[in-house]
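Peer 1: For reference, the file entry.cif (mmCIF, C-alpha atoms) is included below:
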data_entry
loop_
_atom_site.label_atom_id
_atom_site.label_comp_id
_atom_site.auth_asym_id
_atom_site.auth_seq_id
_atom_site.Cartn_x
_atom_site.Cartn_y
_atom_site.Cartn_z
CA ASN S 1 90.82 231.26 -37.09
CA PHE S 2 88.69 233.12 -34.69
CA LEU S 3 88.66 236.68 -33.58
CA ILE S 4 89.27 237.79 -29.97
CA SER S 5 87.42 240.83 -28.85
CA PRO S 6 89.50 243.74 -27.55
CA HIS S 7 87.76 243.54 -24.21
CA LEU S 8 88.64 239.86 -23.76
CA PHE S 9 92.26 240.45 -24.82
CA HIS S 10 92.61 243.28 -22.33
CA SER S 11 91.23 241.12 -19.49
CA ALA S 12 93.64 238.26 -20.32
CA PHE S 13 96.62 240.65 -20.39
CA LEU S 14 95.73 242.11 -17.00
CA HIS S 15 95.40 238.61 -15.53
CA GLN S 16 98.87 237.59 -16.78
CA LEU S 17 100.39 240.82 -15.45
CA VAL S 18 98.94 240.25 -11.97
CA GLN S 19 100.16 236.63 -11.99
CA PHE S 20 103.71 237.72 -12.98
CA LYS S 21 103.76 240.33 -10.22
CA ALA S 22 102.69 237.71 -7.65
CA ASN S 23 105.38 235.26 -8.79
CA THR S 24 108.00 238.00 -8.66
CA SER S 25 106.98 238.93 -5.10
CA ASP S 26 107.28 235.29 -4.03
CA LEU S 27 110.78 235.02 -5.52
CA LEU S 28 111.92 238.22 -3.86
CA GLY S 29 110.52 237.09 -0.50
CA ALA S 30 112.28 233.74 -0.79
CA PHE S 31 115.57 235.47 -1.68
CA VAL S 32 115.29 237.85 1.28
CA TYR S 33 114.41 234.96 3.58
CA THR S 34 117.44 233.01 2.33
CA GLU S 35 119.74 235.98 2.93
CA GLU S 36 118.36 236.54 6.45
CA MET S 37 118.71 232.87 7.37
CA SER S 38 122.26 232.87 6.00
CA HIS S 39 123.21 235.81 8.22
CA LEU S 40 121.43 234.29 11.21
CA ARG S 41 123.38 231.06 10.80
CA GLN S 42 126.58 233.05 10.61
CA ARG S 43 125.82 235.04 13.78
CA LYS S 44 124.81 231.88 15.66
CA SER S 45 128.04 230.18 14.65
CA SER S 46 130.05 233.14 15.89
CA THR S 47 128.50 232.94 19.37
CA ASP S 48 128.60 229.17 19.93
CA GLY S 49 132.10 229.29 21.47
CA LYS S 50 132.96 230.06 25.08
CA GLY S 51 133.01 233.81 25.55
CA ASP S 52 133.51 236.34 22.79
CA SER S 53 137.26 236.09 22.27
CA PRO S 54 138.69 237.16 18.91
CA PRO S 55 139.96 233.65 17.98
CA ASP S 56 136.44 232.22 18.42
CA LEU S 57 134.97 234.93 16.24
CA LEU S 58 137.52 234.38 13.53
CA GLU S 59 137.12 230.63 13.59
CA SER S 60 133.33 230.91 13.53
CA SER S 61 133.39 233.24 10.55
CA THR S 62 135.31 230.55 8.65
CA SER S 63 132.71 227.97 9.62
CA SER S 64 129.88 230.27 8.47
CA TRP S 65 131.69 230.85 5.20
CA GLU S 66 131.53 227.12 4.48
CA GLU S 67 127.85 226.92 5.44
CA ASN S 68 126.92 229.78 3.11
CA VAL S 69 128.92 228.47 0.16
CA ASP S 70 127.43 225.00 0.38
CA GLY S 71 123.68 225.54 0.61
CA ALA S 72 121.03 222.93 1.10
CA ASP S 73 120.89 222.27 -2.62
CA GLY S 74 124.71 222.06 -2.96
CA VAL S 75 124.83 225.01 -5.35
CA VAL S 76 127.33 227.83 -4.88
CA ARG S 77 125.49 231.12 -4.88
CA GLU S 78 127.54 234.12 -5.94
CA GLY S 79 125.43 236.48 -3.85
CA ASP S 80 125.85 234.31 -0.77
CA VAL S 81 129.61 234.18 -1.24
CA ASP S 82 129.91 237.94 -1.52
CA GLY S 83 127.69 238.46 1.52
CA SER S 84 129.71 235.97 3.55
CA ARG S 85 132.96 237.66 2.65
CA GLU S 86 131.57 241.01 3.70
CA GLU S 87 130.20 239.56 6.95
CA ALA S 88 133.49 237.79 7.72
CA HIS S 89 135.41 240.99 7.10
CA LEU S 90 133.10 242.92 9.42
CA MET S 91 133.41 240.27 12.13
CA THR S 92 137.23 240.32 12.08
CA GLY S 93 137.06 244.07 12.61
CA LEU S 94 134.89 243.85 15.72
CA PRO S 95 136.36 245.46 18.84
CA THR S 96 138.04 242.93 21.12
CA HIS S 97 137.85 242.71 24.87
CA ASN S 98 141.23 243.54 26.41
CA ALA S 99 142.48 241.12 29.04
CA ALA S 100 142.24 242.45 32.55
CA VAL S 101 145.51 243.91 33.75
CA PRO S 102 146.63 241.95 36.84
CA SER S 103 146.79 243.99 40.02
CA LYS S 104 149.88 244.32 42.17
CA LEU S 105 148.38 241.80 44.58
CA ASP S 106 147.87 239.28 41.77
CA LYS S 107 151.45 239.77 40.59
CA PHE S 108 152.71 239.29 44.12
CA LEU S 109 150.66 236.12 44.60
CA ALA S 110 151.87 234.69 41.28
CA THR S 111 155.50 235.38 42.18
CA TYR S 112 154.98 234.02 45.69
CA GLY S 113 153.43 230.84 44.29
CA SER S 114 156.41 230.26 42.01
CA PHE S 115 158.86 231.08 44.79
CA SER S 116 157.30 228.86 47.46
CA GLY S 117 156.56 226.00 45.05
CA ASN S 118 160.26 225.37 44.39
CA SER S 119 162.24 223.64 47.14
CA PHE S 120 165.37 225.62 46.26
CA THR S 121 163.78 229.05 46.55
CA ALA S 122 161.62 227.95 49.49
CA ASP S 123 164.86 227.20 51.33
CA GLN S 124 165.98 230.75 50.58
CA GLY S 125 162.86 232.04 52.28
CA LEU S 126 163.66 229.90 55.32
CA LYS S 127 167.15 231.39 55.34
CA ILE S 128 165.61 234.83 55.70
CA LEU S 129 163.58 233.60 58.67
CA GLN S 130 166.53 231.78 60.22
CA TRP S 131 169.15 234.52 60.07
CA SER S 132 166.69 237.36 60.71
CA SER S 133 165.55 235.55 63.87
CA TRP S 134 169.15 235.27 64.98
CA ALA S 135 169.84 238.97 64.23
CA ILE S 136 166.81 240.21 66.19
CA SER S 137 167.57 237.81 69.00
CA TYR S 138 171.14 239.03 69.20
CA ALA S 139 170.12 242.70 69.03
CA THR S 140 167.52 242.33 71.83
CA ARG S 141 169.52 240.03 74.11
CA ARG S 142 169.96 242.72 76.80
CA LYS S 143 166.62 244.55 76.75
CA HIS S 144 164.00 241.92 75.98
CA THR S 145 164.51 238.88 78.14
CA ASN S 146 161.56 236.99 76.67
CA LEU S 147 161.86 237.98 73.01
CA SER S 148 165.54 237.21 72.59
CA PRO S 149 165.55 233.56 73.81
CA SER S 150 162.32 232.84 71.92
CA LEU S 151 163.78 234.04 68.66
CA ARG S 152 167.00 232.21 69.42
CA LYS S 153 165.02 229.01 69.73
CA LEU S 154 163.19 229.76 66.46
CA TYR S 155 166.53 230.34 64.74
CA SER S 156 167.77 226.94 65.93
CA GLU S 157 164.56 225.14 64.90
CA VAL S 158 164.51 226.65 61.42
CA SER S 159 168.18 225.77 60.99
CA MET S 160 167.37 222.12 61.64
CA ALA S 161 164.27 222.27 59.43
CA ARG S 162 166.48 223.29 56.53
CA TYR S 163 168.38 220.02 56.90
CA VAL S 164 165.15 218.18 56.08
CA LEU S 165 164.79 220.04 52.77
CA ARG S 166 168.26 218.83 51.80
CA PHE S 167 166.87 215.31 51.48
CA TYR S 168 165.86 216.36 47.95
CA GLY S 169 169.35 217.47 47.05
CA PHE S 170 171.09 214.21 46.25
CA PHE S 171 168.93 213.25 43.28
CA GLN S 172 168.94 216.83 42.02
CA SER S 173 172.74 216.68 42.08
CA LEU S 174 172.70 213.30 40.35
CA GLU S 175 170.48 214.71 37.60
CA GLY S 176 172.83 217.68 37.20
CA TYR S 177 175.83 215.36 37.01
CA ARG S 178 174.28 213.10 34.37
CA SER S 179 172.63 215.76 32.21
CA GLY S 180 175.01 218.68 32.68
CA SER S 181 172.05 220.95 33.42
CA TRP S 182 173.92 222.77 36.19
CA ALA S 183 175.94 224.55 33.52
CA GLY S 184 172.88 226.72 32.92
CA GLY S 185 172.60 226.36 29.14
CA ASN S 186 175.05 226.02 26.28
CA TRP S 187 178.31 227.95 26.41
CA ASP S 188 181.13 228.41 23.93
CA ASN S 189 183.72 227.65 26.59
CA PRO S 190 183.60 223.86 27.23
CA LEU S 191 185.29 224.34 30.60
CA ILE S 192 182.04 225.75 32.04
CA ALA S 193 180.19 222.46 31.49
CA LYS S 194 183.06 220.46 32.99
CA ILE S 195 183.18 222.64 36.10
CA ALA S 196 179.41 222.36 36.53
CA LYS S 197 179.45 218.58 36.15
CA TYR S 198 182.51 217.47 38.09
CA MET S 199 183.29 220.26 40.54
CA MET S 200 179.78 221.46 41.36
CA ALA S 201 177.38 218.54 40.88
CA GLY S 202 180.07 216.01 41.79
CA SER S 203 180.93 217.71 45.08
CA MET S 204 177.25 217.99 46.06
CA LEU S 205 176.79 214.26 45.46
CA CYS S 206 179.14 213.83 48.40
CA TYR S 207 177.84 216.81 50.40
CA TYR S 208 174.22 215.75 50.76
CA PRO S 209 174.73 212.22 52.14
CA MET S 210 177.19 213.58 54.71
CA GLU S 211 174.65 216.22 55.74
CA HIS S 212 172.03 213.53 56.24
CA VAL S 213 174.36 211.53 58.47
CA ALA S 214 175.24 214.63 60.51
CA TYR S 215 171.55 215.51 60.91
CA ALA S 216 170.71 211.98 62.02
CA GLY S 217 173.61 212.07 64.47
CA TRP S 218 172.34 215.27 66.05
CA GLN S 219 168.68 214.26 66.13
CA MET S 220 169.01 210.54 66.90
CA PRO S 221 172.29 210.06 68.80
CA GLN S 222 171.01 206.83 70.33
CA LEU S 223 170.55 205.26 66.89
CA VAL S 224 173.25 206.95 64.79
CA ARG S 225 176.46 206.88 66.79
CA VAL S 226 178.74 209.24 64.89
CA ASN S 227 180.60 212.45 65.61
CA ALA S 228 178.00 214.66 63.94
CA ASN S 229 180.17 217.79 64.16
CA LYS S 230 183.03 216.08 62.36
CA VAL S 231 180.76 214.65 59.67
CA SER S 232 179.27 218.10 59.18
CA ALA S 233 182.76 219.56 58.78
CA ILE S 234 183.51 217.04 56.02
CA SER S 235 180.26 217.89 54.24
CA CYS S 236 181.09 221.60 54.38
CA GLY S 237 184.45 220.80 52.79
CA PHE S 238 182.58 219.49 49.73
CA TRP S 239 180.32 222.53 49.89
CA SER S 240 183.40 224.78 49.78
CA ALA S 241 184.52 222.99 46.61
CA TYR S 242 181.10 223.67 45.11
CA ILE S 243 181.32 227.39 45.96
CA ILE S 244 184.76 227.69 44.34
CA GLY S 245 183.49 225.94 41.22
CA ASP S 246 180.39 228.14 41.12
CA PHE S 247 182.49 231.30 41.37
CA TRP S 248 184.90 230.05 38.70
CA SER S 249 182.17 229.14 36.22
CA SER S 250 180.37 232.43 36.92
CA CYS S 251 183.52 234.35 36.01
CA LEU S 252 183.81 232.43 32.74
CA LYS S 253 180.13 232.98 31.96
CA GLY S 254 180.39 236.70 32.68
CA LYS S 255 183.40 237.00 30.38
CA GLU S 256 181.60 235.20 27.57
CA LEU S 257 178.43 237.27 27.96
CA LYS S 258 180.44 240.49 28.04
CA LYS S 259 182.03 239.58 24.70
CA LYS S 260 178.61 238.84 23.20
CA LEU S 261 177.33 242.16 24.51
CA ASP S 262 180.24 244.04 22.90
CA ASP S 263 179.68 242.27 19.56
CA LEU S 264 175.97 243.02 19.74
CA GLY S 265 176.74 246.67 20.44
CA GLU S 266 178.78 246.93 17.24
CA ILE S 267 175.98 245.38 15.19
CA LEU S 268 173.49 247.71 16.84
CA LYS S 269 175.54 250.77 15.86
CA GLY S 270 175.50 249.65 12.23
CA LYS S 271 171.74 249.13 12.21
CA LYS S 272 171.20 252.56 13.75
CA ARG S 273 173.31 254.17 11.02
CA ASN S 274 171.21 252.37 8.39
CA ASP S 275 168.02 253.48 10.17
CA ASP S 276 166.77 249.88 10.31
CA LYS S 277 164.18 250.39 13.05
CA ASP S 278 162.88 246.82 13.15
CA ALA S 279 166.35 245.33 13.49
CA VAL S 280 167.29 247.94 16.10
CA ALA S 281 164.25 247.03 18.21
CA ASP S 282 165.10 243.30 18.07
CA LEU S 283 168.74 243.92 18.91
CA GLN S 284 167.81 246.13 21.84
CA LYS S 285 165.68 243.32 23.25
CA GLU S 286 168.64 240.95 22.95
CA GLU S 287 170.84 243.54 24.61
CA THR S 288 168.42 243.84 27.54
CA ALA S 289 168.32 240.06 27.93
CA LEU S 290 172.12 239.89 27.98
CA LEU S 291 172.33 242.66 30.58
CA ASN S 292 169.86 240.78 32.79
CA LYS S 293 171.97 237.63 32.55
CA ILE S 294 175.12 239.55 33.40
CA ARG S 295 173.49 241.11 36.46
CA HIS S 296 172.28 237.68 37.56
CA ILE S 297 175.79 236.27 37.29
CA LYS S 298 177.25 239.20 39.21
CA LEU S 299 174.79 238.52 42.03
CA GLN S 300 175.83 234.88 41.96
CA MET S 301 179.48 235.86 42.28
CA LEU S 302 178.63 238.12 45.20
CA ARG S 303 176.84 235.27 46.95
CA CYS S 304 179.84 232.99 46.41
CA LEU S 305 182.12 235.56 48.02
CA LEU S 306 179.74 235.82 50.97
CA PHE S 307 179.53 232.04 51.29
CA ILE S 308 183.20 231.13 51.16
CA LEU S 309 184.38 232.32 54.60
CA PRO S 310 181.52 230.69 56.58
CA ALA S 311 181.98 227.52 54.51
CA ILE S 312 185.68 227.36 55.39
CA ASN S 313 184.85 228.13 59.01
CA TRP S 314 182.40 225.21 59.20
CA SER S 315 184.83 222.92 57.36
CA LEU S 316 187.38 223.04 60.17
CA PRO S 317 187.42 220.07 62.60
CA ASN S 318 186.87 222.24 65.68
CA TRP S 319 184.34 224.61 64.12
CA ALA S 320 181.89 224.11 67.01
CA THR S 321 184.38 224.63 69.85
CA ASP S 322 187.08 226.84 68.33
CA PRO S 323 185.64 228.56 65.25
CA LEU S 324 187.64 230.65 62.82
CA LEU S 325 184.90 233.31 62.69
CA GLY S 326 182.96 234.67 65.61
CA GLU S 327 179.21 234.32 65.83
CA VAL S 328 178.48 237.89 64.77
CA SER S 329 180.85 237.79 61.80
CA CYS S 330 179.75 234.39 60.52
CA ASN S 331 176.02 234.78 61.05
CA GLY S 332 176.06 238.40 59.87
CA ILE S 333 177.60 237.33 56.55
CA MET S 334 174.97 234.61 56.19
CA LEU S 335 172.23 237.16 56.88
CA VAL S 336 173.45 239.38 54.04
CA GLU S 337 173.71 236.36 51.71
CA ALA S 338 170.17 235.29 52.56
CA TYR S 339 168.70 238.60 51.45
CA ALA S 340 170.94 238.67 48.37
CA SER S 341 169.75 235.21 47.34
CA VAL S 342 166.06 236.09 47.66
CA TYR S 343 166.60 239.34 45.74
CA GLN S 344 168.36 237.41 42.97
CA SER S 345 165.59 234.82 42.71
CA VAL S 346 162.69 237.27 42.80
CA ARG S 347 164.41 239.54 40.29
CA SER S 348 164.92 236.58 37.97
CA MET S 349 161.25 235.60 38.26
CA CYS S 350 159.98 239.11 37.56
CA SER S 351 162.29 239.95 34.66
#
Can you present the structure in this file as structure tokens?
Peer 2:
Amino acid sequence: NFLISPHLFHSAFLHQLVQFKANTSDLLGAFVYTEEMSHLRQRKSSTDGKGDSPPDLLESSTSSWEENVDGADGVVREGDVDGSREEAHLMTGLPTHNAAVPSKLDKFLATYGSFSGNSFTADQGLKILQWSSWAISYATRRKHTNLSPSLRKLYSEVSMARYVLRFYGFFQSLEGYRSGSWAGGNWDNPLIAKIAKYMMAGSMLCYYPMEHVAYAGWQMPQLVRVNANKVSAISCGFWSAYIIGDFWSSCLKGKELKKKLDDLGEILKGKKRNDDKDAVADLQKEETALLNKIRHIKLQMLRCLLFILPAINWSLPNWATDPLLGEVSCNGIMLVEAYASVYQSVRSMCS
């Protein structure tokens, strides 16, 4: 029981007030420091990936969310969670860098790479060179005495070079025969798969070996003693069977696709009446895909029609000495087919 003077009590009160203010400042500074470090960790996480692509930002914001929820002391802080959510939301709304639109040159190079990297389409390119060389040679035979024979020689050399590429054909045909891949997908009409397997792939299993023998007979007559022209005629007989099968299956495919297109058109009319915009957009994409397939098949049928007469001509025993078609007719048809084949392939790659 002792009395405290008013002056002493006032001094003690002021001392406690100053101490409380100092403690409060320290707590606030620590809280601000924690918040700043939390945001710094989040920004660092969002820039650790390669580049600044949107997926990296989104993935990093998830990683930062986990860092902020589980602090060093293992306690979940409500303020940190709310701040992380806000930061993650802001990060997902950041403007993204649009991918550079490829130039026409880049598109051309990409298409050229795909075209030249496939032995089948590369052979089509050689056909252009072969038959174009013949056409220019024939057109300049009277005016340009040096150009015409040079191009004639090039035409002959490229023609023989194409025989070399056919060395790949036998095993491709065998794969098509065993797997049925030459049917070009699944079709409702089972006859399409049978034609592709037996009439197309089966005939080419016989065509390619005969072509190899004919080529060897022409190039190495001392070693391979055969009548190369006769062997070539037999091979072209199998090729003719392939062309007929290809045309037949293409007709069946076109008929089936036309029916699907008609059915799709009826469904599309109903969706348009119901003003179902999403369904209409999807159906229109399917319609465009079907139209592209139909155009591709029509080009294939055209090529078959162009092929059949030269194939029959070269299938005859005396095709080299007494041909059914003259040089201009036969080679002119093959020139048109060459350009049609390249157009079909490039169009298919670009669509």
Peer 1: Which of these residues is nearest to Arg347 in chain S, using all atoms listed in the file: S:Ser203, S:Ser150, S:Asn331, S:Asn292?
Peer 2: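 Among the listed residues, S:Asn292 lies closest to Arg347 in chain S.
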Peer 1: Restricting the calculation to only C-alpha atoms, which member of S:Ala338, S:Asn189, S:Lys277, S:Ala201 is positioned closest to Phe238 in chain S?
Peer 2: S:Ala201
Peer 1: Hey, which of S:Val280, S:Met200, S:Leu335, S:Leu316 ends up closest to Gln130 in chain S? Count all atoms listed in the file.
Peer 2: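 Distance minimum relative to Gln130 in chain S lands on S:Leu335.
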Peer 1: On this structure, which residues satisfy the PyMOL selection byres ((chain S and resi 172) around 12), written as a ChimeraX atom specification?
Peer 2: /S:119-120,165-171,173-182,200-202,204-205,208
Peer 1: Please list as a PyMOL selection string every residue within 9 Å of range 242-249 of chain S, counting all atoms listed in the file and excluding residues in the same chain fewer than 6 positions away.
Peer 2: chain S and resi 183+191-193+195-196+199-204+300-305+307-308+311
Peer 1: Name the closest residue to Asn313 in chain S among the candidates S:Ile234, S:Leu147, S:Val342, S:Val336; distances are taken between atoms, counting all atoms listed in the file.
Peer 2: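 Of S:Ile234, S:Leu147, S:Val342, S:Val336, the one nearest Asn313 in chain S is S:Ile234, counting all atoms listed in the file.
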Peer 1: Skip Arg162 in chain S itself and residues of its chain fewer than 5 positions away, then list as a tab-separated table (two decimals) with C-alpha atoms, in the frame of the given file all residues within 12 Å of it, counting all atoms listed in the file.
Peer 2:
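part_38.tsv written:
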chain	number	residue	atom	x	y	z
S	119	SER	CA	162.24	223.64	47.14
S	120	PHE	CA	165.37	225.62	46.26
S	121	THR	CA	163.78	229.05	46.55
S	122	ALA	CA	161.62	227.95	49.49
S	123	ASP	CA	164.86	227.20	51.33
S	124	GLN	CA	165.98	230.75	50.58
S	125	GLY	CA	162.86	232.04	52.28
S	126	LEU	CA	163.66	229.90	55.32
S	127	LYS	CA	167.15	231.39	55.34
S	128	ILE	CA	165.61	234.83	55.70
S	129	LEU	CA	163.58	233.60	58.67
S	130	GLN	CA	166.53	231.78	60.22
S	155	TYR	CA	166.53	230.34	64.74
S	156	SER	CA	167.77	226.94	65.93
S	157	GLU	CA	164.56	225.14	64.90
S	167	PHE	CA	166.87	215.31	51.48
S	168	TYR	CA	165.86	216.36	47.95
S	169	GLY	CA	169.35	217.47	47.05
S	211	GLU	CA	174.65	216.22	55.74
S	212	HIS	CA	172.03	213.53	56.24
S	215	TYR	CA	171.55	215.51	60.91
Peer 1: Give me the result of the PyMOL selection byres ((chain S and resi 213) around 9) on this file, residue by residue, as a PyMOL selection string.
Peer 2: chain S and resi 208-212+214-218+224+226+228+231-232
Peer 1: Once the PyMOL selection byres ((chain S and resi 256) around 12) is applied to the coordinates I shared, what remains selected? I want it as a list in words.
Peer 2: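 Checked against the file, the PyMOL selection byres ((chain S and resi 256) around 12) matches Asn186, Trp187, Asp188, Asn189, Pro190, Leu191, Ile192, Ser249, Ser250, Cys251, Leu252, Lys253, Gly254, Lys255, Leu257, Lys258, Lys259, Lys260, Leu261, Asp262, Asp263, Leu290, Lys293, Ile294 and Ile297 of chain S.
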